[in-house]
Amino acid sequence: MSKPINVALIYGSVREGRFCDKVADWAAAEIQGYGGYFLDRIDPKAHGFGAERIDAPTLNNIRARLASADAFVVVTPEYNHGYPGALKLLIDTASREWHAKPVAFVSYGGISGGLRAVEQLRLVFAELHATTIRDSVSFANVWELFDSAGQPPPSANKAMSALLRQLSWWAHALRDAREAGAYLPAAA
């Protein structure tokens with residue numbers, strides 16, 4: 001049996017009263033229940049990413065956690081047809097830490113369910129030499145979907161299971177490839 005995949009669950013919102021906590025808690029429970037993953041939650045709000053300045057020790061801590069991850073699950077809302085600025089700042093704190101690793105998305109929002117944010121993030125992660133997982137979990141009109149216990153409809157669990165199967169495959173394949181030799185992006 002192979003060693004567990006280190007997956008970083010990244011929160012996309014730092015807003016007060018954010019819905020991100022509910023979606024991220026559900027995603028974390030699904031990841032842990034799936035098995036084969038070691039989970040690290042990275043919340044930019046807890047590290048001051050909504051502030052003007054972030055201190056060097058915090059940035060170094062985030063970079064180290066991203067570097068130790070084999071895979072990522074980004075939980076993001078959609079704000080004004082895009083993803084939040086704090087998430088962009090967190091992503092941009094690192095570079096090589098993202099290389100040759102898979103990224104999956106759980107998005108939420110109004111009528112689009114955050115899919116426009118995910119499409120923009122796919123472009124950003126491609127530039128960082130990360131591999132995005134094709135299927136995602138999307139919650140349109142999210143405020144109407146989660147019950148008082150923090151659970152979405154059962155169809156979300158099925159979609160998350162499919163996402164985690166794909167993420168596991170990519171995470172194992174890319175980890176094996178990174179262990180076989182350093183990933184070297186093309187020279188600029």
# chains A, B, ... in the order shown; residues from 1 in each chain; ligands from 1
$ residues_around --residues "Leu66 in chain A" --least-positions-apart "5" --cutoff "8 Å" --atoms "only C-alpha atoms" --output "ChimeraX atom specification"
/A:8,94,97-98
$ residues_around --residues "Leu164 in chain A" --least-positions-apart "3" --cutoff "8 Å" --atoms "only C-alpha atoms" --output "PDB file with N, CA and C atoms, in the first residue's frame"
ATOM      1  N   ILE A  31     -12.892  14.455   2.259  1.00  0.00           N
ATOM      2  CA  ILE A  31     -11.510  14.039   2.015  1.00  0.00           C
ATOM      3  C   ILE A  31     -11.068  13.026   3.066  1.00  0.00           C
ATOM      4  N   TYR A  34     -12.802   9.675   2.638  1.00  0.00           N
ATOM      5  CA  TYR A  34     -12.417   8.935   1.439  1.00  0.00           C
ATOM      6  C   TYR A  34     -11.261   7.990   1.727  1.00  0.00           C
ATOM      7  N   MET A 160     -18.026  14.737  -5.347  1.00  0.00           N
ATOM      8  CA  MET A 160     -16.768  14.838  -4.597  1.00  0.00           C
ATOM      9  C   MET A 160     -16.002  13.524  -4.640  1.00  0.00           C
ATOM     10  N   SER A 161     -16.713  12.417  -4.589  1.00  0.00           N
ATOM     11  CA  SER A 161     -16.061  11.113  -4.671  1.00  0.00           C
ATOM     12  C   SER A 161     -15.349  10.951  -6.013  1.00  0.00           C
ATOM     13  N   LEU A 167      -8.206  12.955  -8.280  1.00  0.00           N
ATOM     14  CA  LEU A 167      -7.115  13.617  -7.571  1.00  0.00           C
ATOM     15  C   LEU A 167      -6.112  12.594  -7.062  1.00  0.00           C
ATOM     16  N   SER A 168      -6.595  11.476  -6.547  1.00  0.00           N
ATOM     17  CA  SER A 168      -5.715  10.425  -6.046  1.00  0.00           C
ATOM     18  C   SER A 168      -4.841   9.876  -7.170  1.00  0.00           C
TER      19      SER A 168
END
$ select_by_dssp --residues "range 51-185 of chain A" --states "strand (DSSP E or B)" --output "VMD selection string"
chain A and resid 71 to 77 79 82 102 to 109 131 to 132 137 to 140
$ select_by_dssp --residues "range 115-150 of chain A" --states "alpha helix (DSSP H)" --output "list in words"
Leu115, Arg116, Ala117, Val118, Glu119, Gln120, Leu121, Arg122, Leu123, Val124, Phe125, Ala126 and Glu127 of chain A
$ residues_around --residues "range 117-119 of chain A" --least-positions-apart "5" --cutoff "7 Å" --atoms "only C-alpha atoms" --output "tab-separated table (two decimals) with C-alpha atoms, in the first residue's frame"
chain	number	residue	atom	x	y	z
A	78	GLU	CA	-16.87	33.63	-7.08
A	81	HIS	CA	-17.03	36.84	-12.02
A	82	GLY	CA	-13.62	36.03	-10.54
A	83	TYR	CA	-11.82	34.53	-7.57
A	105	PHE	CA	-11.66	22.75	-7.18
$ residues_around --residues "range 141-150 of chain A" --least-positions-apart "6" --cutoff "7 Å" --atoms "only C-alpha atoms" --output "PyMOL selection string"
chain A and resi 22+26+108-111+113
$ closest_residue --among "A:Arg18, A:His99, A:His172, A:Arg122" --to "Gly36 in chain A" --atoms "only C-alpha atoms"
A:His172
$ atom_distance --atom1 "CA of Trp169 in chain A" --atom2 "CA of Ile133 in chain A"
10.2 Å
$ closest_residue --among "A:Leu115, A:Leu123, A:Val75, A:Ala100" --to "Ala140 in chain A" --atoms "only C-alpha atoms"
A:Leu115
$ closest_residue --among "A:Arg165, A:Arg116, A:Arg96, A:Arg53" --to "Asp135 in chain A" --atoms "only C-alpha atoms"
A:Arg165
$ residues_around --residues "Lys45 in chain A" --least-positions-apart "3" --cutoff "6 Å" --atoms "only C-alpha atoms" --output "PDB file with C-alpha atoms, in the first residue's frame"
ATOM      1  CA  VAL A  14     -11.274  35.909   3.904  1.00  0.00           C
ATOM      2  CA  GLY A  48      -3.615  37.606   7.709  1.00  0.00           C
ATOM      3  CA  PHE A  49      -4.043  37.434   3.944  1.00  0.00           C
TER       4      PHE A  49
END
$ residues_around --residues "Ile62 in chain A" --least-positions-apart "5" --cutoff "9 Å" --atoms "only C-alpha atoms" --output "NGL selection string"
:A and (42 or 47 or 57 or 67 or 90 or 93-94)
